Amino acid sequence: MVMKIKLKDWVAKQPKAELHLHIEGSLEPELMMSLAAKHGINLPYVSIDEVKAAYDFHNLQSFLDLYYLGASVLLDEDDFYQLMFAYLQKCREDNVVHSEIMFDPQTHTERGVGFEIFMPGFVRAMQQAEQEWGQSSLLIMSFLRHLSEESALQTLAAAKNYLPHIVAVGLDSSELGNPPQKFARVFAHAKALGLKRVAHAGEEGPPAYVWEAANILDVHRIDHGVRSIEDANLVEHLVVKQIPLTVCPLSNTKLKVFEHMSQHNILTLLDQGLLVTVNADDPSYFGGYLNDNYHALIEHLDINQEHLKQIVKNSFIASFLSDEVKQAWLDKLV
Ligand code: HPA
Ligand code: ZN
């Protein structure tokens, strides 16, 4: 008991990186309601408590429906600034010194809100956090896999003037029935533009989707990837290539990938030599930011300080920071 409290305190104070975070999933009910009021948008909630009560999910799709609804209150540049700045403030509280933040352009462009509105809002908040607190962050542009290849290609074209602010492309939304293969040409195009690549795979989808993300999309990291464990050859491939998994414990239990945190396979993944990281995914929907995710693991698994040290180290190793900056952070870890 005392040991768990000490571990929680220790991990909370460590400098950490976060690599799997959807900015739209950090929209807290308070900000959602105030932006809805500001823009005269009718949401099907009358109170903050009602919003929170609605966050009772049984799978990925049941979450995504409310996540896209919530994002509908984001309309002007300042909304996106506020959203980003609120997340970066949480990072500061959690000692997250570097974050790689996904955004879903199509969630906004489909509503007539373009890159010229959300990008300046995001970048303004990120530059402020860097200047005021020395906190670094990078942006990952994620394509919605339930939409067409054509829509993703159009989105990549629309991002043309903003590419200096974008480090990588990603792939999210409804996984089952939308295999990575569907976006082979989009990711090849992104690679040719000099962008790095990540993709959600093996969250609800089978190991075959993780293989496709690795072999066809040529990704640098797999987001989630917890179902990789079902295929020993895949695990070996990910270990040999040191392709990181960005694991999100509270997300996985909220969306019933695992029924209970005590059943989470992160320690098995780690013991098999996988480069595992811990992340919050959509913190306002899943009940916690980065330290809450570490704390849930400490509470429910037999995780020790050596495991935690490795995971924190991995968060920098798996990042898109330069080798010099990575090393500087690794040297700071005790
Ligand atoms: N999985 C797929 N799509 C998403 C997620 C996720 O965890 N969060 C936001 N979009
Ligand atoms: Zn995610």
# chains A, B, ... in the order shown; residues from 1 in each chain; ligands from 1
$ residues_near_ligand --ligand "ligand 2" --cutoff "12 Å" --atoms "only C-alpha atoms and all ligand atoms" --output "NGL selection string"
:A and (18-26 or 60 or 63-64 or 67 or 100-104 or 140 or 142-144 or 170-175 or 198-204 or 222-225 or 245-252 or 255 or 278-283 or 285-286)
$ select_by_dssp --residues "region 98-199 of chain A" --states "strand (DSSP E)" --output "ChimeraX atom specification"
/A:98-103,136-144,166-172,196-199
$ write_last_selection --atoms "N, CA, C and O atoms" --output "mmCIF file, in the first residue's frame"
data_model
loop_
_atom_site.group_PDB
_atom_site.id
_atom_site.type_symbol
_atom_site.label_atom_id
_atom_site.label_comp_id
_atom_site.auth_asym_id
_atom_site.auth_seq_id
_atom_site.Cartn_x
_atom_site.Cartn_y
_atom_site.Cartn_z
ATOM 1 N N HIS A 98 7.142 16.762 -23.046
ATOM 2 C CA HIS A 98 7.050 16.723 -24.510
ATOM 3 C C HIS A 98 5.818 15.922 -24.896
ATOM 4 O O HIS A 98 5.573 14.851 -24.347
ATOM 5 N N SER A 99 5.047 16.435 -25.873
ATOM 6 C CA SER A 99 3.886 15.662 -26.320
ATOM 7 C C SER A 99 3.759 15.703 -27.837
ATOM 8 O O SER A 99 4.132 16.688 -28.480
ATOM 9 N N GLU A 100 3.252 14.610 -28.373
ATOM 10 C CA GLU A 100 3.013 14.495 -29.814
ATOM 11 C C GLU A 100 1.511 14.292 -29.970
ATOM 12 O O GLU A 100 0.965 13.248 -29.605
ATOM 13 N N ILE A 101 0.870 15.330 -30.482
ATOM 14 C CA ILE A 101 -0.569 15.508 -30.323
ATOM 15 C C ILE A 101 -1.302 15.284 -31.650
ATOM 16 O O ILE A 101 -1.020 15.962 -32.642
ATOM 17 N N MET A 102 -2.241 14.342 -31.640
ATOM 18 C CA MET A 102 -3.028 14.098 -32.852
ATOM 19 C C MET A 102 -4.201 15.057 -32.949
ATOM 20 O O MET A 102 -4.808 15.406 -31.936
ATOM 21 N N PHE A 103 -4.491 15.459 -34.193
ATOM 22 C CA PHE A 103 -5.734 16.187 -34.452
ATOM 23 C C PHE A 103 -6.381 15.556 -35.669
ATOM 24 O O PHE A 103 -5.706 14.962 -36.510
ATOM 25 N N SER A 136 7.877 21.148 -24.977
ATOM 26 C CA SER A 136 7.831 20.972 -26.438
ATOM 27 C C SER A 136 6.624 20.141 -26.856
ATOM 28 O O SER A 136 6.112 19.323 -26.086
ATOM 29 N N SER A 137 6.166 20.377 -28.090
ATOM 30 C CA SER A 137 5.077 19.556 -28.623
ATOM 31 C C SER A 137 5.136 19.538 -30.142
ATOM 32 O O SER A 137 5.679 20.458 -30.764
ATOM 33 N N LEU A 138 4.606 18.463 -30.710
ATOM 34 C CA LEU A 138 4.559 18.281 -32.166
ATOM 35 C C LEU A 138 3.144 17.855 -32.541
ATOM 36 O O LEU A 138 2.418 17.310 -31.701
ATOM 37 N N LEU A 139 2.774 18.104 -33.799
ATOM 38 C CA LEU A 139 1.424 17.751 -34.246
ATOM 39 C C LEU A 139 1.434 16.557 -35.204
ATOM 40 O O LEU A 139 2.279 16.471 -36.097
ATOM 41 N N ILE A 140 0.474 15.667 -35.013
ATOM 42 C CA ILE A 140 0.260 14.514 -35.902
ATOM 43 C C ILE A 140 -1.131 14.654 -36.527
ATOM 44 O O ILE A 140 -2.123 14.747 -35.807
ATOM 45 N N MET A 141 -1.166 14.702 -37.855
ATOM 46 C CA MET A 141 -2.454 14.862 -38.554
ATOM 47 C C MET A 141 -3.037 13.475 -38.830
ATOM 48 O O MET A 141 -2.468 12.686 -39.578
ATOM 49 N N SER A 142 -4.170 13.186 -38.187
ATOM 50 C CA SER A 142 -4.762 11.848 -38.300
ATOM 51 C C SER A 142 -5.912 11.823 -39.296
ATOM 52 O O SER A 142 -6.786 12.692 -39.257
ATOM 53 N N PHE A 143 -5.926 10.819 -40.134
ATOM 54 C CA PHE A 143 -7.036 10.636 -41.075
ATOM 55 C C PHE A 143 -8.106 9.760 -40.430
ATOM 56 O O PHE A 143 -7.777 8.815 -39.704
ATOM 57 N N LEU A 144 -9.360 10.074 -40.733
ATOM 58 C CA LEU A 144 -10.474 9.262 -40.225
ATOM 59 C C LEU A 144 -10.668 8.082 -41.173
ATOM 60 O O LEU A 144 -11.025 8.255 -42.339
ATOM 61 N N ILE A 166 3.597 20.096 -39.008
ATOM 62 C CA ILE A 166 3.086 18.728 -38.839
ATOM 63 C C ILE A 166 4.243 17.739 -38.969
ATOM 64 O O ILE A 166 4.958 17.747 -39.977
ATOM 65 N N VAL A 167 4.438 16.898 -37.948
ATOM 66 C CA VAL A 167 5.583 15.971 -37.970
ATOM 67 C C VAL A 167 5.230 14.644 -38.630
ATOM 68 O O VAL A 167 6.082 13.995 -39.229
ATOM 69 N N ALA A 168 3.937 14.250 -38.510
ATOM 70 C CA ALA A 168 3.562 12.901 -38.959
ATOM 71 C C ALA A 168 2.092 12.854 -39.338
ATOM 72 O O ALA A 168 1.317 13.736 -38.954
ATOM 73 N N VAL A 169 1.734 11.800 -40.063
ATOM 74 C CA VAL A 169 0.316 11.502 -40.272
ATOM 75 C C VAL A 169 -0.049 10.288 -39.426
ATOM 76 O O VAL A 169 0.818 9.471 -39.089
ATOM 77 N N GLY A 170 -1.335 10.190 -39.104
ATOM 78 C CA GLY A 170 -1.839 9.062 -38.323
ATOM 79 C C GLY A 170 -3.137 8.554 -38.923
ATOM 80 O O GLY A 170 -3.631 9.086 -39.937
ATOM 81 N N LEU A 171 -3.694 7.520 -38.291
ATOM 82 C CA LEU A 171 -4.936 6.906 -38.780
ATOM 83 C C LEU A 171 -5.759 6.517 -37.563
ATOM 84 O O LEU A 171 -5.283 5.743 -36.722
ATOM 85 N N ASP A 172 -6.975 7.089 -37.470
ATOM 86 C CA ASP A 172 -7.807 6.754 -36.307
ATOM 87 C C ASP A 172 -9.260 6.570 -36.718
ATOM 88 O O ASP A 172 -9.547 6.402 -37.891
ATOM 89 N N LYS A 196 6.484 11.667 -41.111
ATOM 90 C CA LYS A 196 6.561 10.390 -40.418
ATOM 91 C C LYS A 196 5.144 9.807 -40.340
ATOM 92 O O LYS A 196 4.170 10.498 -40.663
ATOM 93 N N ARG A 197 5.065 8.529 -39.897
ATOM 94 C CA ARG A 197 3.782 7.846 -39.961
ATOM 95 C C ARG A 197 3.494 7.016 -38.711
ATOM 96 O O ARG A 197 4.399 6.320 -38.214
ATOM 97 N N VAL A 198 2.271 7.122 -38.226
ATOM 98 C CA VAL A 198 1.781 6.254 -37.148
ATOM 99 C C VAL A 198 0.374 5.806 -37.551
ATOM 100 O O VAL A 198 -0.238 6.420 -38.429
ATOM 101 N N ALA A 199 -0.119 4.742 -36.941
ATOM 102 C CA ALA A 199 -1.499 4.308 -37.221
ATOM 103 C C ALA A 199 -2.054 3.547 -36.030
ATOM 104 O O ALA A 199 -1.338 2.770 -35.392
#
$ select_by_dssp --residues "region 22-143 of chain A" --states "alpha helix (DSSP H)" --output "number ranges by chain"
A: 29-39, 48-54, 60-71, 77-93, 105-109, 115-133
$ atom_distance --atom1 "CA of Trp133 (chain A)" --atom2 "atom 9 (C, counted along the ligand's line) of ligand 1"
27.1 Å
$ atom_distance --atom1 "CA of Gly112 (chain A)" --atom2 "CA of Leu31 (chain A)"
20.9 Å
$ residues_around --residues "region 316-328 of chain A" --least-positions-apart "4" --cutoff "8 Å" --atoms "only C-alpha atoms" --output "compact mmCIF listing (two decimals) with C-alpha atoms, in the first residue's frame"
# COMPACT_ATOMS: atom_id res chain seq x y z
CA LYS A 16 7.68 12.12 -19.35
CA ALA A 17 6.64 12.27 -22.99
CA LEU A 19 2.81 10.15 -27.75
CA GLU A 100 3.01 14.49 -29.81
CA VAL A 167 5.58 15.97 -37.97
CA ARG A 221 4.82 3.47 -34.25
CA PRO A 244 6.86 1.08 -30.42
CA LEU A 275 8.88 -0.95 -26.79
CA THR A 277 4.71 3.48 -23.83
CA VAL A 312 9.15 6.43 -19.04
CA LYS A 332 17.96 13.47 -16.83
$ closest_atom_pairs --of "region 148-237 of chain A" --to "region 119-131 of chain A" --cutoff "10 Å" --atoms "only C-alpha atoms" --output "tab-separated table"
residue	atom	partner	partner_atom	distance
A:Ala159	CA	A:Met119	CA	9.5
A:Tyr162	CA	A:Met119	CA	7.6
A:His165	CA	A:Val123	CA	7.7
A:Ile166	CA	A:Met119	CA	9.8
$ write_last_selection --atoms "N, CA and C atoms" --output "mmCIF file, in the first residue's frame"
data_model
loop_
_atom_site.group_PDB
_atom_site.id
_atom_site.type_symbol
_atom_site.label_atom_id
_atom_site.label_comp_id
_atom_site.auth_asym_id
_atom_site.auth_seq_id
_atom_site.Cartn_x
_atom_site.Cartn_y
_atom_site.Cartn_z
ATOM 1 N N ALA A 159 -3.605 20.385 -46.449
ATOM 2 C CA ALA A 159 -2.632 20.691 -45.386
ATOM 3 C C ALA A 159 -1.343 21.301 -45.934
ATOM 4 N N TYR A 162 0.621 24.011 -44.328
ATOM 5 C CA TYR A 162 0.835 23.855 -42.880
ATOM 6 C C TYR A 162 1.805 22.726 -42.552
ATOM 7 N N HIS A 165 4.372 22.589 -39.732
ATOM 8 C CA HIS A 165 3.876 22.430 -38.352
ATOM 9 C C HIS A 165 3.454 20.995 -38.042
ATOM 10 N N ILE A 166 3.597 20.096 -39.008
ATOM 11 C CA ILE A 166 3.086 18.728 -38.839
ATOM 12 C C ILE A 166 4.243 17.739 -38.969
#
$ closest_residue --among "A:Arg145, A:His39, A:His260, A:Lys313" --to "ligand 1" --atoms "only C-alpha atoms and all ligand atoms"
A:Arg145
$ closest_residue --among "A:Ala54, A:Ala36, A:Ala157, A:Val226" --to "ligand 1" --atoms "only C-alpha atoms and all ligand atoms"
A:Val226
$ closest_residue --among "A:Lys13, A:Val2, A:Leu83, A:Leu74" --to "Tyr294 (chain A)" --atoms "only C-alpha atoms"
A:Lys13
$ residues_around --residues "Ala184 (chain A)" --least-positions-apart "5" --cutoff "9 Å" --atoms "only C-alpha atoms" --output "PDB file with N, CA and C atoms, in the first residue's frame"
ATOM      1  N   GLU A 149     -10.550   6.973 -49.062  1.00  0.00           N
ATOM      2  CA  GLU A 149      -9.175   7.288 -49.439  1.00  0.00           C
ATOM      3  C   GLU A 149      -9.138   8.679 -50.088  1.00  0.00           C
ATOM      4  N   HIS A 189       2.131   8.732 -50.132  1.00  0.00           N
ATOM      5  CA  HIS A 189       2.200  10.150 -50.500  1.00  0.00           C
ATOM      6  C   HIS A 189       2.771  10.975 -49.332  1.00  0.00           C
ATOM      7  N   ALA A 213      -0.212  -2.216 -41.012  1.00  0.00           N
ATOM      8  CA  ALA A 213       0.296  -0.883 -40.633  1.00  0.00           C
ATOM      9  C   ALA A 213       1.824  -0.869 -40.734  1.00  0.00           C
ATOM     10  N   ILE A 216       2.710  -2.189 -44.858  1.00  0.00           N
ATOM     11  CA  ILE A 216       2.165  -1.434 -46.003  1.00  0.00           C
ATOM     12  C   ILE A 216       2.237   0.071 -45.743  1.00  0.00           C
ATOM     13  N   LEU A 217       1.872   0.490 -44.535  1.00  0.00           N
ATOM     14  CA  LEU A 217       1.916   1.940 -44.244  1.00  0.00           C
ATOM     15  C   LEU A 217       3.303   2.380 -43.783  1.00  0.00           C
TER      16      LEU A 217
END
$ closest_residue --among "A:Ala86, A:Val219, A:Val257, A:Leu75" --to "ligand 1" --atoms "only C-alpha atoms and all ligand atoms"
A:Val257
$ atom_distance --atom1 "CA of Glu259 (chain A)" --atom2 "CA of Lys8 (chain A)"
22.9 Å
$ closest_residue --among "A:Asp65, A:Asp331, A:Glu299, A:Glu77" --to "ligand 1" --atoms "only C-alpha atoms and all ligand atoms"
A:Asp65
$ closest_residue --among "A:Gln272, A:Gln106, A:Gln89, A:Ser228" --to "ligand 1" --atoms "only C-alpha atoms and all ligand atoms"
A:Gln106
